[in-house]
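Enquirer: To start, I am sharing the structure in question, which I have written as structure tokens.
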Amino acid sequence: MDLFDKCFAFTRVEDVKSVGLYPYYHPITETEGPVVYMNNQRMIMVGSNNYLGLTHDPRVKKAAIDAINKYGTGCSGSRLINGSLDIHFKLEEALAQFVGKEAACIFSTGYQTNQGAIVPLIKKGEYIISDAENHASIIQGTLIAKALCGDSILVKFNHNDMTDLEQKISSLPYEAGKLIVVDGVFSMNGHITPLPQIVAIAHKYNARIMVDDAHALGVIGTGGRGTASHFNLTDETDIIMGTFSKSLASSGGFIASSERVINYIKHHAPAIIFNASMPASNAASALKALEIIQKEPERIQKLHYNAHRLRKGLSELGFSVLPGETPIIPVLIGDDFMTFALWKKLFDYGVYSNPIIFPATPQGQQLIRLSVMATHTDEHIDYVIAMFEKAGVELKLLHTVV
Ligand SMILES: Cc1ncc(COP(=O)(O)O)c(C=O)c1O
């Protein structure tokens, strides 16, 4: 057997391409945020996590350009040694203050943040208790911790199922250190984690709580401060994690917690110590986006207004839209072929959406994941609804011809 045999045997992509349904790696040649261009075709983008539309804000772009002029394009060293810029510290202070924690530390990506924070926190004899639908970066972090510490440390509970969480955690030794990790807003279905119940369970069973707010920052909570703020449980949430690749219009991630916890992670996380620090332009754009979010809360209102209009429009057509209060709008389809077929029709009609199949979503719950931005106009949303109607009728997905 040759190592690469598996690569040669993997022909699924060619199979799907041959019937014209391959939905991945399509190059965007130009983008204005809510509108993008692919193959010279104008498309309404409803598949991006650019929730507040700040990636194209002139102030955010200028902050990035100014930072390049001042600091250059890369850092070429880790935060620990030669790669710490004053702007990294400024951003950390601003993030900690925004989410209501003593301190924060940034990582080069959100993905790395979850891995990076979880691994050094868990030692042999301690436990990670993780929601079954947590983001892949949390899963990877828990698997690395498990490999380093031994078999029994990872406990999964059924998605948002507090009975299962309590059952599982109650069987662990009370004195052992425990970390309950959850997405604040789940990326595929938009569910919000039941934080009040998690806090009660954590108190009862001696556990700490980490919430991944990738899809919650700039979206829910007072002024977009995320899940803990949404439930008024900031003090009870031990670690708040966030990414810059969504509302913060950049790339990178952070965790915020008590000063002692952040200090520990900064000196123990291989993901910080052995990784070149974030380019100044990323830090500057995230910092500027954070400033704008606080000055212009009306952006968050517009985001929810757009989400409500799209959700309502698709539901009224007869699509099975999963209920929710976030800008993530999952349209349930239920099988791979029909999900790809709808995605393709929408694509041809100038609507860019995301087809989600197993393992990103459980079998039978294949869906088209839509996400809106504050910068979508009423005309953009109306166009998306109209194209869903056209495609839905053509594919006989709609029960009634509207
Ligand atoms: C819930 C969640 N956590 C973490 C990440 C990783 O963040 P990034 O893409 O910014 O590295 C994502 C991004 O897809 C996410 O959805």
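Identifiers for the structure tokens are assigned positionally: chains receive A, B, ... in sequence, residues are indexed from 1 per chain, and ligands are indexed from 1 in the order shown.
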Could you give me the residues within 6 Å of ligand 1, counting only C-alpha atoms and all ligand atoms, as a CSV table (one decimal) with C-alpha atoms, in the first residue's frame?
Expert:
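Saved the output as out_33.csv:
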chain,number,residue,atom,x,y,z
A,109,THR,CA,-6.9,32.6,14.1
A,110,GLY,CA,-10.1,31.7,15.9
A,111,TYR,CA,-9.5,28.1,15.2
A,135,HIS,CA,-17.2,23.8,16.5
A,137,SER,CA,-11.7,23.8,16.5
A,183,ASP,CA,-20.6,27.4,21.4
A,187,SER,CA,-22.6,27.9,13.7
A,212,ASP,CA,-17.1,30.2,22.1
A,214,ALA,CA,-17.6,33.4,17.4
A,243,THR,CA,-13.0,35.3,16.5
A,244,PHE,CA,-12.2,38.4,14.4
A,245,SER,CA,-13.3,36.7,11.2
A,251,SER,CA,-8.8,37.4,11.0
A,252,GLY,CA,-7.7,36.1,14.4
Enquirer: Identify all residues of region 19-185 of chain A in helix (DSSP H, G or I) (DSSP on the backbone) and supply them as a PyMOL selection string.
Expert: chain A and resi 54-56+58-71+86-99+110-121+136-149+151-153+162-170
Enquirer: Within 12 Å of Lys396 (chain A), counting only C-alpha atoms, which residues qualify if same-chain residues fewer than 6 places away don't, as a PyMOL selection string?
Expert: chain A and resi 318-319+333+338+341-342+388-390+402
Enquirer: Could you save the residues just selected, with N, CA and C atoms, as a short mmCIF file (atom, residue, chain, number, x, y, z; two decimals), in the first residue's frame?
Expert:
data_model
loop_
_atom_site.label_atom_id
_atom_site.label_comp_id
_atom_site.auth_asym_id
_atom_site.auth_seq_id
_atom_site.Cartn_x
_atom_site.Cartn_y
_atom_site.Cartn_z
N GLY A 318 -42.97 28.63 2.39
CA GLY A 318 -43.19 27.22 2.71
C GLY A 318 -41.90 26.46 2.95
N PHE A 319 -40.77 27.15 2.96
CA PHE A 319 -39.52 26.46 3.29
C PHE A 319 -39.49 26.15 4.78
N ILE A 333 -33.30 20.93 4.35
CA ILE A 333 -33.62 20.21 3.10
C ILE A 333 -33.69 18.70 3.37
N MET A 338 -30.62 16.97 -2.91
CA MET A 338 -31.51 18.12 -3.02
C MET A 338 -30.85 19.39 -2.47
N ALA A 341 -28.65 20.47 -5.21
CA ALA A 341 -29.45 20.93 -6.35
C ALA A 341 -30.01 22.33 -6.09
N LEU A 342 -30.49 22.57 -4.88
CA LEU A 342 -31.01 23.91 -4.56
C LEU A 342 -29.88 24.92 -4.55
N PHE A 388 -35.26 32.00 -4.15
CA PHE A 388 -35.64 30.78 -3.43
C PHE A 388 -36.99 30.28 -3.94
N GLU A 389 -37.89 31.22 -4.18
CA GLU A 389 -39.22 30.82 -4.67
C GLU A 389 -39.10 30.15 -6.04
N LYS A 390 -38.34 30.81 -6.91
CA LYS A 390 -38.17 30.29 -8.29
C LYS A 390 -37.52 28.89 -8.22
N VAL A 402 -46.53 28.98 -5.44
CA VAL A 402 -46.94 30.31 -4.93
C VAL A 402 -47.23 31.25 -6.09
#
Enquirer: When DSSP is applied to the backbone of this structure, which of region 76-312 of chain A are assigned strand (DSSP E or B)? Write them out as a PyMOL selection string.
Expert: chain A and resi 78+103-107+127-131+154-157+178-183+185+192+208-212+217+225+239-243+253-257+276
Enquirer: With only C-alpha atoms counted and 10 Å as the cut-off, give the residues of region 178-250 of chain A in contact with region 92-102 of chain A, each with its shortest interatomic distance in Å and the pair that gives it, as CSV.
Expert:
residue,atom,partner,partner_atom,distance
A:Leu217,CA,A:Val99,CA,8.9
A:Gly221,CA,A:Val99,CA,9.8
A:Thr222,CA,A:Val99,CA,9.8
A:Gly223,CA,A:Phe98,CA,9.2
A:Gly224,CA,A:Val99,CA,9.1
A:Arg225,CA,A:Val99,CA,5.5
A:Gly226,CA,A:Val99,CA,7.5
A:Thr227,CA,A:Val99,CA,9.8
A:Ala228,CA,A:Val99,CA,8.5
A:Ser229,CA,A:Val99,CA,7.8
A:Thr234,CA,A:Gly100,CA,6.8
A:Asp235,CA,A:Lys101,CA,8.0
A:Thr237,CA,A:Lys101,CA,9.6
A:Asp238,CA,A:Lys101,CA,8.9
A:Ile239,CA,A:Lys101,CA,8.6
A:Ile240,CA,A:Val99,CA,7.7
A:Met241,CA,A:Val99,CA,9.7
A:Gly242,CA,A:Leu95,CA,9.4
Enquirer: Determine, using only C-alpha atoms, which residues of region 97-120 of chain A have any atom at most 6 Å from an atom of region 254-277 of chain A, and tabulate each with its shortest atom pair and distance in Å to one decimal place, rows ordered by chain and then rising number, as JSON lines.
Expert:
{"residue": "A:Lys101", "atom": "CA", "partner": "A:Ser257", "partner_atom": "CA", "distance": 5.3}
{"residue": "A:Glu102", "atom": "CA", "partner": "A:Ser258", "partner_atom": "CA", "distance": 5.0}
{"residue": "A:Ala103", "atom": "CA", "partner": "A:Glu259", "partner_atom": "CA", "distance": 5.1}
{"residue": "A:Ala104", "atom": "CA", "partner": "A:Ala256", "partner_atom": "CA", "distance": 4.0}
{"residue": "A:Cys105", "atom": "CA", "partner": "A:Phe254", "partner_atom": "CA", "distance": 5.4}
{"residue": "A:Ile106", "atom": "CA", "partner": "A:Phe254", "partner_atom": "CA", "distance": 4.1}
{"residue": "A:Phe107", "atom": "CA", "partner": "A:Phe254", "partner_atom": "CA", "distance": 5.8}
{"residue": "A:Gly116", "atom": "CA", "partner": "A:Ala271", "partner_atom": "CA", "distance": 4.9}
{"residue": "A:Pro120", "atom": "CA", "partner": "A:Ala269", "partner_atom": "CA", "distance": 5.6}
Enquirer: Would you put the residues from that selection into a file with N, CA, C and O atoms, as a PDB file, in the first residue's frame?
Expert:
ATOM      1  N   LYS A 101     -14.270  41.375  31.037  1.00  0.00           N
ATOM      2  CA  LYS A 101     -13.326  40.506  31.753  1.00  0.00           C
ATOM      3  C   LYS A 101     -12.056  41.290  32.084  1.00  0.00           C
ATOM      4  O   LYS A 101     -11.786  42.338  31.513  1.00  0.00           O
ATOM      5  N   GLU A 102     -11.250  40.745  32.992  1.00  0.00           N
ATOM      6  CA  GLU A 102     -10.033  41.453  33.429  1.00  0.00           C
ATOM      7  C   GLU A 102      -8.984  41.555  32.325  1.00  0.00           C
ATOM      8  O   GLU A 102      -8.274  42.543  32.213  1.00  0.00           O
ATOM      9  N   ALA A 103      -8.849  40.479  31.559  1.00  0.00           N
ATOM     10  CA  ALA A 103      -7.747  40.432  30.586  1.00  0.00           C
ATOM     11  C   ALA A 103      -8.141  39.574  29.385  1.00  0.00           C
ATOM     12  O   ALA A 103      -9.120  38.818  29.436  1.00  0.00           O
ATOM     13  N   ALA A 104      -7.350  39.714  28.320  1.00  0.00           N
ATOM     14  CA  ALA A 104      -7.585  38.900  27.113  1.00  0.00           C
ATOM     15  C   ALA A 104      -6.248  38.581  26.477  1.00  0.00           C
ATOM     16  O   ALA A 104      -5.252  39.271  26.717  1.00  0.00           O
ATOM     17  N   CYS A 105      -6.208  37.502  25.686  1.00  0.00           N
ATOM     18  CA  CYS A 105      -5.035  37.305  24.839  1.00  0.00           C
ATOM     19  C   CYS A 105      -5.485  36.867  23.458  1.00  0.00           C
ATOM     20  O   CYS A 105      -6.495  36.164  23.315  1.00  0.00           O
ATOM     21  N   ILE A 106      -4.747  37.356  22.460  1.00  0.00           N
ATOM     22  CA  ILE A 106      -5.140  37.092  21.075  1.00  0.00           C
ATOM     23  C   ILE A 106      -4.288  35.957  20.483  1.00  0.00           C
ATOM     24  O   ILE A 106      -3.159  35.725  20.912  1.00  0.00           O
ATOM     25  N   PHE A 107      -4.875  35.288  19.502  1.00  0.00           N
ATOM     26  CA  PHE A 107      -4.212  34.220  18.751  1.00  0.00           C
ATOM     27  C   PHE A 107      -4.357  34.564  17.266  1.00  0.00           C
ATOM     28  O   PHE A 107      -5.211  35.361  16.900  1.00  0.00           O
ATOM     29  N   GLY A 116      -5.689  26.376  21.233  1.00  0.00           N
ATOM     30  CA  GLY A 116      -4.628  26.952  22.055  1.00  0.00           C
ATOM     31  C   GLY A 116      -5.016  27.152  23.497  1.00  0.00           C
ATOM     32  O   GLY A 116      -4.180  26.990  24.398  1.00  0.00           O
ATOM     33  N   PRO A 120      -3.564  23.804  27.119  1.00  0.00           N
ATOM     34  CA  PRO A 120      -2.782  24.002  28.356  1.00  0.00           C
ATOM     35  C   PRO A 120      -3.622  24.009  29.626  1.00  0.00           C
ATOM     36  O   PRO A 120      -3.077  23.849  30.718  1.00  0.00           O
TER      37      PRO A 120
END
Enquirer: Counting only C-alpha atoms, which residue out of A:Asp86, A:Glu298, A:Asp151, A:Asp131 sits closest to Ile209 (chain A)?
Expert: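 Using only C-alpha atoms, the shortest distance to Ile209 (chain A) belongs to A:Asp131.
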Enquirer: Quick one: of A:Ser76, A:Gln363, A:Ser285, A:Gln301, who's nearest to Asp57 (chain A), counting only C-alpha atoms?
Expert: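 Ranked by minimum distance to Asp57 (chain A), first place goes to A:Ser285.
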Enquirer: Can you build me a table of region 148-210 of chain A residues sitting at most 6 Å from region 121-129 of chain A, with the closest atom pair per residue and its distance in Å to one decimal, using only C-alpha atoms, sorted by chain and residue number, as CSV?
Expert:
residue,atom,partner,partner_atom,distance
A:Cys149,CA,A:Lys124,CA,4.7
A:Ile153,CA,A:Tyr127,CA,4.4
A:Leu154,CA,A:Ile128,CA,5.1
A:Val155,CA,A:Ile129,CA,4.7
A:Lys156,CA,A:Ile129,CA,5.7
A:Ala176,CA,A:Glu126,CA,5.6
A:Gly177,CA,A:Glu126,CA,4.8
A:Lys178,CA,A:Tyr127,CA,4.7
A:Leu179,CA,A:Ile128,CA,4.9
A:Ile180,CA,A:Ile129,CA,4.6
